[in-house]
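**Student:** Just dropping this structure here.
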Amino acid sequence: MNLTDLTDAYQRLVKAAEGITDALPITDAEHADVAWLLAHIALSDRVLTTAARELLGGATSVVVDNQPAMDAQAIDDLIAGTTHPQRIEVLHRNAVELMDLLELIPEGSWSADTQLRIHDRDGQHVSDSQLTWSGLIDIRAKQNIPGHAVRLAELGNRG
């Protein structure tokens, strides 16, 4: 599968995150939202990395449950233990690890059945859906990561 869109999306996300500084005229709540968002994405990539490893191990189907990436304690712990630049580094490192694994997935595994379990920001289960692994990665590349990058860029452009 061509991963150019996902690579580009992550690059735009990191660049936008790097544009967020303490000197920007954004509220404390917006700074907190940025911290939450970076932690959430970093944790989401860990979830996807686990599923990618399962596919590399020969699994023909995977479950991707975003609950660990929406867990308030895990997010709070990551935020409390890092500065903004460190959160960007964690996000970048996790994205690189995911991308490296995605490059190794055999062509036939991209059609693997993927059950997607979605939890909201409060950790409540909100939906389940079925799609292929390639469909999930395509959504991440074209909607999820770009949407987060736009939000961060909008904040960064206030300076």
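Naming scheme: A, B, ... for chains in displayed order of the structure tokens; residues 1 onward per chain; ligands 1 onward as shown.
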With 6 Å as the cut-off and only C-alpha atoms counted, what is the closest atom pair between each nearby residue of range 45-147 of chain A and range 3-22 of chain A? Distances in Å to one decimal, ordered by chain and number, as JSON lines.
**Tutor:**
{"residue": "A:Ala141", "atom": "CA", "partner": "A:Leu6", "partner_atom": "CA", "distance": 4.2}
{"residue": "A:Ile145", "atom": "CA", "partner": "A:Ala9", "partner_atom": "CA", "distance": 5.9}
{"residue": "A:Pro146", "atom": "CA", "partner": "A:Ala9", "partner_atom": "CA", "distance": 5.5}
**Student:** Find the residues around Leu104 in chain A up to 10 Å (only C-alpha atoms counted), leave out those fewer than 2 positions away in its own chain, and share them as a PyMOL selection string.
**Tutor:** chain A and resi 52-53+55-56+99-102+106-107
**Student:** Quick one: of A:Asp28, A:Asp71, A:Glu54, A:Asp65, who's nearest to Ile118 in chain A, counting only C-alpha atoms?
**Tutor:**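 Among the listed residues, the smallest separation from Ile118 in chain A belongs to A:Asp65.
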**Student:** Assign secondary structure with DSSP using the backbone only, and return the residues of range 62-136 of chain A in alpha helix (DSSP H) as a ChimeraX atom specification.
**Tutor:** /A:67-70,72-80,84-104,133-136
**Student:** Return the single residue from A:His125, A:Arg93, A:Arg117, A:His148 that is closest to His40 in chain A, with distances computed using only C-alpha atoms.
**Tutor:**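 That would be A:His148, the residue with the smallest distance to His40 in chain A.
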**Student:** Determine the nearest neighbour of Glu89 in chain A from the options A:Ala74, A:Val150, A:Asn144, A:Ala39, counting only C-alpha atoms.
**Tutor:**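 Using only C-alpha atoms, the shortest distance to Glu89 in chain A belongs to A:Ala39.
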**Student:** Please, what distance in Å, to one decimal, runs between CA of Ser111 in chain A and CA of Ile41 in chain A?
**Tutor:**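 Result for CA of Ser111 in chain A versus CA of Ile41 in chain A: 23.9 Å, one decimal.
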**Student:** Need the shell around range 48-50 of chain A: protein/DNA/RNA residues with any atom at most 8 Å away, counting only C-alpha atoms. Skip same-chain ones fewer than 5 positions apart. Format as a PDB file with N, CA, C and O atoms, in the first residue's frame?
**Tutor:**
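Result file follows (part.pdb):
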ATOM      1  N   VAL A  64      -8.989  -3.272  16.598  1.00  0.00           N
ATOM      2  CA  VAL A  64      -8.364  -2.004  16.959  1.00  0.00           C
ATOM      3  C   VAL A  64      -9.349  -1.281  17.866  1.00  0.00           C
ATOM      4  O   VAL A  64     -10.399  -0.823  17.427  1.00  0.00           O
ATOM      5  N   GLU A  97       7.658   4.419  14.310  1.00  0.00           N
ATOM      6  CA  GLU A  97       7.578   2.983  14.571  1.00  0.00           C
ATOM      7  C   GLU A  97       6.411   2.360  13.810  1.00  0.00           C
ATOM      8  O   GLU A  97       6.554   1.297  13.184  1.00  0.00           O
ATOM      9  N   LEU A  98       5.262   3.027  13.832  1.00  0.00           N
ATOM     10  CA  LEU A  98       4.101   2.527  13.097  1.00  0.00           C
ATOM     11  C   LEU A  98       4.393   2.480  11.601  1.00  0.00           C
ATOM     12  O   LEU A  98       4.134   1.470  10.941  1.00  0.00           O
ATOM     13  N   LEU A 101       6.582  -0.403  10.603  1.00  0.00           N
ATOM     14  CA  LEU A 101       5.859  -1.679  10.580  1.00  0.00           C
ATOM     15  C   LEU A 101       4.919  -1.766   9.383  1.00  0.00           C
ATOM     16  O   LEU A 101       4.801  -2.826   8.754  1.00  0.00           O
TER      17      LEU A 101
END
**Student:** DSSP on the backbone: which residues in range 88-151 of chain A end up as strand (DSSP E or B)? Give the answer as a ChimeraX atom specification.
**Tutor:** /A:113-119,125-132
**Student:** Which polymer residues have any atom within 10 Å of an atom of Asp120 in chain A, counting only C-alpha atoms, with same-chain residues fewer than 3 positions away left out, as number ranges by chain?
**Tutor:** A: 66-67, 69-71, 123-127
**Student:** Save out the residues we just selected, all heavy atoms, as a compact mmCIF listing (two decimals), in the first residue's frame.
**Tutor:**
# COMPACT_ATOMS: atom_id res chain seq x y z
N ASN A 66 -9.70 1.78 20.45
CA ASN A 66 -9.01 3.02 20.80
C ASN A 66 -9.12 3.37 22.28
O ASN A 66 -8.65 4.44 22.69
CB ASN A 66 -9.49 4.19 19.93
CG ASN A 66 -10.79 4.80 20.40
OD1 ASN A 66 -11.65 4.13 21.00
ND2 ASN A 66 -10.97 6.08 20.12
N GLN A 67 -9.69 2.50 23.10
CA GLN A 67 -9.85 2.81 24.53
C GLN A 67 -8.55 3.22 25.20
O GLN A 67 -8.53 4.21 25.94
CB GLN A 67 -10.52 1.63 25.25
CG GLN A 67 -10.94 1.93 26.68
CD GLN A 67 -9.78 1.89 27.66
OE1 GLN A 67 -8.84 1.11 27.52
NE2 GLN A 67 -9.85 2.74 28.67
N ALA A 69 -6.15 4.80 24.05
CA ALA A 69 -5.80 6.15 23.58
C ALA A 69 -6.79 7.20 24.06
O ALA A 69 -6.58 8.40 23.83
CB ALA A 69 -5.73 6.17 22.06
N MET A 70 -7.84 6.77 24.71
CA MET A 70 -8.84 7.69 25.26
C MET A 70 -8.89 7.60 26.79
O MET A 70 -9.68 8.28 27.42
CB MET A 70 -10.23 7.37 24.70
CG MET A 70 -10.31 7.46 23.19
SD MET A 70 -9.87 9.10 22.57
CE MET A 70 -11.47 9.86 22.53
N ASP A 71 -8.01 6.77 27.36
CA ASP A 71 -7.97 6.56 28.79
C ASP A 71 -7.45 7.82 29.48
O ASP A 71 -6.30 8.22 29.27
CB ASP A 71 -7.09 5.35 29.11
CG ASP A 71 -7.03 5.07 30.59
OD1 ASP A 71 -7.94 4.40 31.11
OD2 ASP A 71 -6.06 5.54 31.22
N GLY A 123 -14.07 8.20 27.47
CA GLY A 123 -13.79 6.78 27.61
C GLY A 123 -14.99 5.88 27.41
O GLY A 123 -14.89 4.67 27.60
N GLN A 124 -16.12 6.45 27.02
CA GLN A 124 -17.33 5.66 26.82
C GLN A 124 -17.34 5.04 25.42
O GLN A 124 -17.04 5.71 24.43
CB GLN A 124 -18.58 6.55 26.98
CG GLN A 124 -18.71 7.14 28.37
CD GLN A 124 -18.80 6.09 29.44
OE1 GLN A 124 -19.58 5.16 29.36
NE2 GLN A 124 -17.97 6.23 30.47
N HIS A 125 -17.70 3.76 25.34
CA HIS A 125 -17.80 3.08 24.06
C HIS A 125 -18.93 3.72 23.25
O HIS A 125 -20.04 3.88 23.75
CB HIS A 125 -18.08 1.59 24.28
CG HIS A 125 -18.26 0.84 23.02
ND1 HIS A 125 -19.49 0.41 22.61
CD2 HIS A 125 -17.39 0.47 22.07
CE1 HIS A 125 -19.37 -0.21 21.46
NE2 HIS A 125 -18.10 -0.19 21.11
N VAL A 126 -18.64 4.07 22.01
CA VAL A 126 -19.66 4.72 21.19
C VAL A 126 -20.01 3.97 19.92
O VAL A 126 -21.12 4.12 19.40
CB VAL A 126 -19.29 6.19 20.82
CG1 VAL A 126 -19.28 7.06 22.07
CG2 VAL A 126 -17.96 6.28 20.10
N SER A 127 -19.07 3.16 19.39
CA SER A 127 -19.43 2.43 18.17
C SER A 127 -18.44 1.31 17.87
O SER A 127 -17.32 1.29 18.38
CB SER A 127 -19.48 3.39 16.97
OG SER A 127 -18.18 3.85 16.64
**Student:** Identify which of the residues A:Ala35, A:Ala112, A:Val63, A:Ala51 lies closest to Ala80 in chain A, counting only C-alpha atoms when measuring atom-to-atom distances.
**Tutor:** A:Ala35
**Student:** At what distance in Å, to one decimal, does CA of Thr132 in chain A lie from CA of Val62 in chain A?
**Tutor:**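 These atoms are spaced 9.4 Å apart.
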**Student:** Which one of A:Glu103, A:Asp33, A:Leu43, A:Asp138 sits closest to Leu91 in chain A if you count only C-alpha atoms?
**Tutor:** A:Leu43
**Student:** Expressed in Å to a single decimal, how great is the separation between CA of Ser61 in chain A and CA of Ala42 in chain A?
**Tutor:**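 Separation of CA of Ser61 in chain A and CA of Ala42 in chain A: 23.1 Å.
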